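**Student:** Next up, entry-v3.cif (mmCIF, C-alpha atoms, pLDDT in the B column; chains and numbers go by the auth columns).
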```cif
data_run
loop_
_atom_site.group_PDB
_atom_site.id
_atom_site.type_symbol
_atom_site.label_atom_id
_atom_site.label_comp_id
_atom_site.label_asym_id
_atom_site.label_seq_id
_atom_site.Cartn_x
_atom_site.Cartn_y
_atom_site.Cartn_z
_atom_site.B_iso_or_equiv
_atom_site.auth_seq_id
_atom_site.auth_asym_id
ATOM 1 C CA MET A 1 -77.016 64.183 -134.187 37.00 28 A
ATOM 2 C CA SER A 2 -73.961 64.159 -136.390 46.00 29 A
ATOM 3 C CA ALA A 3 -72.300 61.080 -137.854 57.00 30 A
ATOM 4 C CA ASP A 4 -69.320 61.405 -135.506 78.00 31 A
ATOM 5 C CA PRO A 5 -67.355 58.172 -135.240 86.00 32 A
ATOM 6 C CA LEU A 6 -67.241 56.176 -132.055 93.00 33 A
ATOM 7 C CA VAL A 7 -63.704 56.153 -130.596 94.00 34 A
ATOM 8 C CA LEU A 8 -62.386 52.791 -129.375 95.00 35 A
ATOM 9 C CA SER A 9 -58.910 51.743 -128.192 95.00 36 A
ATOM 10 C CA ARG A 10 -56.705 49.128 -129.877 97.00 37 A
ATOM 11 C CA CYS A 11 -54.081 47.496 -127.632 97.00 38 A
ATOM 12 C CA GLU A 12 -50.587 47.761 -129.120 97.00 39 A
ATOM 13 C CA GLY A 13 -49.608 44.548 -127.298 97.00 40 A
ATOM 14 C CA CYS A 14 -52.294 42.075 -128.386 97.00 41 A
ATOM 15 C CA GLY A 15 -54.472 44.004 -130.866 96.00 42 A
ATOM 16 C CA LEU A 16 -57.690 43.801 -128.803 96.00 43 A
ATOM 17 C CA LEU A 17 -60.286 46.469 -129.588 96.00 44 A
ATOM 18 C CA TYR A 18 -62.095 47.798 -126.494 95.00 45 A
ATOM 19 C CA LEU A 19 -63.750 50.872 -124.976 93.00 46 A
ATOM 20 C CA PRO A 20 -61.287 53.586 -123.912 92.00 47 A
ATOM 21 C CA THR A 21 -60.366 53.433 -120.225 90.00 48 A
ATOM 22 C CA ALA A 22 -57.563 54.494 -117.891 90.00 49 A
ATOM 23 C CA ALA A 23 -57.106 50.824 -116.962 94.00 50 A
ATOM 24 C CA PRO A 24 -54.751 48.501 -118.884 96.00 51 A
ATOM 25 C CA CYS A 25 -55.846 46.232 -121.717 96.00 52 A
ATOM 26 C CA PRO A 26 -58.398 43.732 -120.382 95.00 53 A
ATOM 27 C CA ARG A 27 -56.680 40.866 -122.248 97.00 54 A
ATOM 28 C CA CYS A 28 -52.919 41.379 -121.755 97.00 55 A
ATOM 29 C CA ALA A 29 -52.647 44.261 -119.211 97.00 56 A
ATOM 30 C CA THR A 30 -50.572 46.432 -121.579 95.00 57 A
ATOM 31 C CA HIS A 31 -50.857 50.194 -121.002 95.00 58 A
ATOM 32 C CA ARG A 32 -50.213 51.107 -124.650 96.00 59 A
ATOM 33 C CA GLU A 33 -53.229 51.717 -126.827 96.00 60 A
ATOM 34 C CA THR A 34 -54.060 53.588 -130.014 96.00 61 A
ATOM 35 C CA PRO A 35 -57.363 55.423 -130.560 96.00 62 A
ATOM 36 C CA VAL A 36 -59.401 53.924 -133.410 95.00 63 A
ATOM 37 C CA GLU A 37 -62.396 55.545 -135.085 94.00 64 A
ATOM 38 C CA ALA A 38 -65.277 53.088 -135.497 93.00 65 A
ATOM 39 C CA SER A 39 -68.732 53.304 -136.981 93.00 66 A
ATOM 40 C CA PRO A 40 -71.234 54.675 -134.451 95.00 67 A
ATOM 41 C CA LEU A 41 -73.801 52.108 -135.645 95.00 68 A
ATOM 42 C CA GLY A 42 -74.440 49.034 -133.535 96.00 69 A
ATOM 43 C CA THR A 43 -76.934 46.221 -133.005 96.00 70 A
ATOM 44 C CA VAL A 44 -79.146 46.024 -129.919 97.00 71 A
ATOM 45 C CA LEU A 45 -78.534 42.783 -128.000 98.00 72 A
ATOM 46 C CA ALA A 46 -80.798 43.554 -125.015 98.00 73 A
ATOM 47 C CA ALA A 47 -82.769 46.445 -123.545 97.00 74 A
ATOM 48 C CA THR A 48 -84.528 47.088 -120.245 95.00 75 A
ATOM 49 C CA GLU A 49 -86.310 49.886 -118.432 92.00 76 A
ATOM 50 C CA LEU A 50 -85.900 50.477 -114.691 88.00 77 A
ATOM 51 C CA ALA A 51 -88.925 52.065 -113.021 87.00 78 A
ATOM 52 C CA SER A 52 -86.991 52.638 -109.763 85.00 79 A
ATOM 53 C CA PRO A 53 -83.343 53.342 -110.662 80.00 80 A
ATOM 54 C CA SER A 54 -80.574 54.051 -108.166 83.00 81 A
ATOM 55 C CA GLU A 55 -80.463 57.403 -106.423 87.00 82 A
ATOM 56 C CA GLY A 56 -79.331 60.186 -108.744 84.00 83 A
ATOM 57 C CA TRP A 57 -80.908 58.688 -111.890 80.00 84 A
ATOM 58 C CA THR A 58 -84.291 59.691 -113.270 79.00 85 A
ATOM 59 C CA ALA A 59 -87.085 57.228 -113.919 81.00 86 A
ATOM 60 C CA PRO A 60 -87.668 55.602 -116.247 85.00 87 A
ATOM 61 C CA HIS A 61 -84.017 54.653 -116.719 87.00 88 A
ATOM 62 C CA ARG A 62 -83.601 52.878 -120.076 92.00 89 A
ATOM 63 C CA LEU A 63 -80.500 50.695 -120.573 95.00 90 A
ATOM 64 C CA VAL A 64 -79.436 49.147 -123.871 97.00 91 A
ATOM 65 C CA LEU A 65 -76.683 46.578 -124.518 98.00 92 A
ATOM 66 C CA VAL A 66 -75.202 47.324 -127.953 97.00 93 A
ATOM 67 C CA GLU A 67 -72.634 45.454 -130.034 97.00 94 A
ATOM 68 C CA VAL A 68 -70.518 47.695 -132.258 95.00 95 A
ATOM 69 C CA GLN A 69 -67.451 47.049 -134.435 88.00 96 A
ATOM 70 C CA ASP A 70 -65.433 43.848 -133.855 89.00 97 A
ATOM 71 C CA ALA A 71 -67.847 42.516 -131.210 91.00 98 A
ATOM 72 C CA VAL A 72 -67.160 45.373 -128.763 95.00 99 A
ATOM 73 C CA ARG A 73 -70.169 45.584 -126.452 96.00 100 A
ATOM 74 C CA LEU A 74 -71.248 48.587 -124.422 96.00 101 A
ATOM 75 C CA LEU A 75 -74.064 49.564 -122.098 96.00 102 A
ATOM 76 C CA ALA A 76 -75.796 52.753 -123.150 96.00 103 A
ATOM 77 C CA MET A 77 -78.758 54.866 -122.101 94.00 104 A
ATOM 78 C CA ALA A 78 -81.778 55.450 -124.335 94.00 105 A
ATOM 79 C CA SER A 79 -83.406 58.878 -124.042 83.00 106 A
ATOM 80 C CA GLU A 80 -86.448 57.866 -126.041 85.00 107 A
ATOM 81 C CA SER A 81 -88.366 54.582 -126.158 88.00 108 A
ATOM 82 C CA LEU A 82 -86.468 51.312 -125.862 93.00 109 A
ATOM 83 C CA PRO A 83 -85.175 49.917 -129.144 95.00 110 A
ATOM 84 C CA GLU A 84 -86.015 46.344 -130.126 95.00 111 A
ATOM 85 C CA VAL A 85 -83.463 43.508 -129.974 97.00 112 A
ATOM 86 C CA GLY A 86 -81.762 43.299 -133.384 96.00 113 A
ATOM 87 C CA GLU A 87 -82.462 46.957 -134.208 96.00 114 A
ATOM 88 C CA THR A 88 -79.635 49.149 -135.515 95.00 115 A
ATOM 89 C CA VAL A 89 -78.930 52.202 -133.354 95.00 116 A
ATOM 90 C CA ARG A 90 -76.411 55.042 -133.396 95.00 117 A
ATOM 91 C CA VAL A 91 -74.117 55.282 -130.339 95.00 118 A
ATOM 92 C CA ARG A 92 -72.513 58.465 -129.090 93.00 119 A
ATOM 93 C CA ARG A 93 -70.442 59.278 -126.058 91.00 120 A
ATOM 94 C CA ASP A 94 -71.835 62.006 -123.813 89.00 121 A
ATOM 95 C CA GLY A 95 -69.104 62.650 -121.241 88.00 122 A
ATOM 96 C CA GLU A 96 -68.707 59.370 -119.342 86.00 123 A
ATOM 97 C CA VAL A 97 -72.061 57.979 -120.550 90.00 124 A
ATOM 98 C CA TYR A 98 -72.882 56.299 -123.858 94.00 125 A
ATOM 99 C CA ARG A 99 -76.256 57.098 -125.401 94.00 126 A
ATOM 100 C CA VAL A 100 -78.197 55.450 -128.220 95.00 127 A
ATOM 101 C CA MET A 101 -80.328 57.147 -130.841 88.00 128 A
ATOM 102 C CA PRO A 102 -82.634 55.377 -133.295 81.00 129 A
ATOM 103 C CA THR A 103 -81.762 55.248 -136.982 77.00 130 A
ATOM 104 C CA ASP A 104 -84.075 54.939 -139.953 63.00 131 A
ATOM 105 C CA PRO A 105 -83.878 51.890 -142.280 53.00 132 A
ATOM 106 C CA VAL A 106 -81.041 53.400 -144.344 50.00 133 A
ATOM 107 C CA GLY A 107 -78.898 54.318 -141.338 44.00 134 A
ATOM 108 C CA ARG A 108 -79.703 58.012 -140.901 45.00 135 A
ATOM 109 C CA GLN A 109 -80.795 59.355 -137.549 47.00 136 A
ATOM 110 C CA GLY A 110 -84.557 59.099 -137.109 45.00 137 A
#
```
Would you give me this structure, written as structure tokens?
**Tutor:**
Amino acid sequence: MSADPLVLSRCEGCGLLYLPTAAPCPRCATHRETPVEASPLGTVLAATELASPSEGWTAPHRLVLVEVQDAVRLLAMASESLPEVGETVRVRRDGEVYRVMPTDPVGRQG
């Protein structure tokens, strides 16, 4: 995987950094935002594996809560084994889904 940056949105009204969405700013409801490139590296806050996910998803379905730049948190899918809490992972957007990939100790993809 490449070192492509993660794209976030910064509200032009209040300055909040958040995941891009068609909805207004979650803090001030402004519809003006600027794309911001952020590091794709984040810290795992929680991870779980669902043995019986909702219809349309394959089992096991691995979900990871990741904190990236400026305390922005996102829920992502893990294609491989679940990362440990506190582990650094690389986040990428795959259409409408965020995915995590492991990194080695110096921050390169593992």
**Student:** Convert the output of the PyMOL selection byres ((chain A and resi 56) around 12) on the shown file into explicit residues, formatted as a PDB file with C-alpha atoms, keeping the file's coordinate frame.
**Tutor:**
```pdb
ATOM      1  CA  CYS A  38     -54.081  47.496-127.632  1.00 97.00           C
ATOM      2  CA  GLU A  39     -50.587  47.761-129.120  1.00 97.00           C
ATOM      3  CA  GLY A  40     -49.608  44.548-127.298  1.00 97.00           C
ATOM      4  CA  CYS A  41     -52.294  42.075-128.386  1.00 97.00           C
ATOM      5  CA  GLY A  42     -54.472  44.004-130.866  1.00 96.00           C
ATOM      6  CA  LEU A  43     -57.690  43.801-128.803  1.00 96.00           C
ATOM      7  CA  ALA A  49     -57.563  54.494-117.891  1.00 90.00           C
ATOM      8  CA  ALA A  50     -57.106  50.824-116.962  1.00 94.00           C
ATOM      9  CA  PRO A  51     -54.751  48.501-118.884  1.00 96.00           C
ATOM     10  CA  CYS A  52     -55.846  46.232-121.717  1.00 96.00           C
ATOM     11  CA  PRO A  53     -58.398  43.732-120.382  1.00 95.00           C
ATOM     12  CA  ARG A  54     -56.680  40.866-122.248  1.00 97.00           C
ATOM     13  CA  CYS A  55     -52.919  41.379-121.755  1.00 97.00           C
ATOM     14  CA  THR A  57     -50.572  46.432-121.579  1.00 95.00           C
ATOM     15  CA  HIS A  58     -50.857  50.194-121.002  1.00 95.00           C
ATOM     16  CA  ARG A  59     -50.213  51.107-124.650  1.00 96.00           C
ATOM     17  CA  GLU A  60     -53.229  51.717-126.827  1.00 96.00           C
TER      18      GLU A  60
END
```
**Student:** At a cut-off of 9 Å, using all atoms listed in the file, what residues contact Glu111 in chain A? Leave out same-chain residues fewer than 4 positions from it and give the result as a PyMOL selection string.
**Tutor:** chain A and resi 71-74+115
**Student:** Contacts of Pro47 in chain A at 8 Å or less, counting all atoms listed in the file, minus same-chain residues fewer than 4 places along, as a list in words?
**Tutor:**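 Here the answer would be Val34, Leu35, Ser36 and Pro62 of chain A.
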**Student:** CA of Glu94 in chain A and CA of Leu68 in chain A are how many Å apart?
**Tutor:**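 The value is 8.8 Å.
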**Student:** Between A:Ala103, A:Leu77, A:Val63, A:Leu44, which has the minimum distance to Arg120 in chain A (counting only C-alpha atoms)?
**Tutor:** A:Ala103
**Student:** To one decimal in Å, tell me the separation between CA of Leu92 in chain A and CA of Ser79 in chain A.
**Tutor:**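 Interatomic distance, CA of Leu92 in chain A to CA of Ser79 in chain A: 19.0 Å.
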**Student:** Which of these, A:Val99, A:Val93, A:Ala78, A:Ala65, has the shortest distance to Met128 in chain A once you count only C-alpha atoms?
**Tutor:**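 Using only C-alpha atoms, the shortest distance to Met128 in chain A belongs to A:Val93.
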**Student:** Selection in question (the file shown): the PyMOL selection byres ((chain A and resi 32) around 8). Which residues does it include, as number ranges by chain?
**Tutor:** A: 30-31, 33-34, 64-67
**Student:** Please save C-alpha atoms of the selected residues as a compact mmCIF listing (two decimals), in the coordinates of the input.
**Tutor:**
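Output file out-v5.txt follows:
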```txt
# COMPACT_ATOMS: atom_id res chain seq x y z
CA ALA A 30 -72.30 61.08 -137.85
CA ASP A 31 -69.32 61.40 -135.51
CA LEU A 33 -67.24 56.18 -132.06
CA VAL A 34 -63.70 56.15 -130.60
CA GLU A 64 -62.40 55.54 -135.08
CA ALA A 65 -65.28 53.09 -135.50
CA SER A 66 -68.73 53.30 -136.98
CA PRO A 67 -71.23 54.68 -134.45
```
**Student:** Report, in Å with one decimal, the straight-line distance from CA of Arg100 in chain A to CA of His88 in chain A.
**Tutor:**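 Taking CA of Arg100 in chain A as the start and CA of His88 in chain A as the end point, the length is 19.2 Å.
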**Student:** So what does the PyMOL selection byres ((chain A and resi 127) around 9) actually pick up in this one, as a PyMOL selection string?
**Tutor:** chain A and resi 91+93+103-107+110+116-120+125-126+128-129
**Student:** Listed atoms of range 108-125 of chain A, axis-aligned box, 6 Å per side: centre and edge lengths to one decimal in Å, as JSON?
**Tutor:**
```
{"center_x": -78.5, "center_y": 53.0, "center_z": -127.4, "size_x": 31.7, "size_y": 31.4, "size_z": 28.2}
```
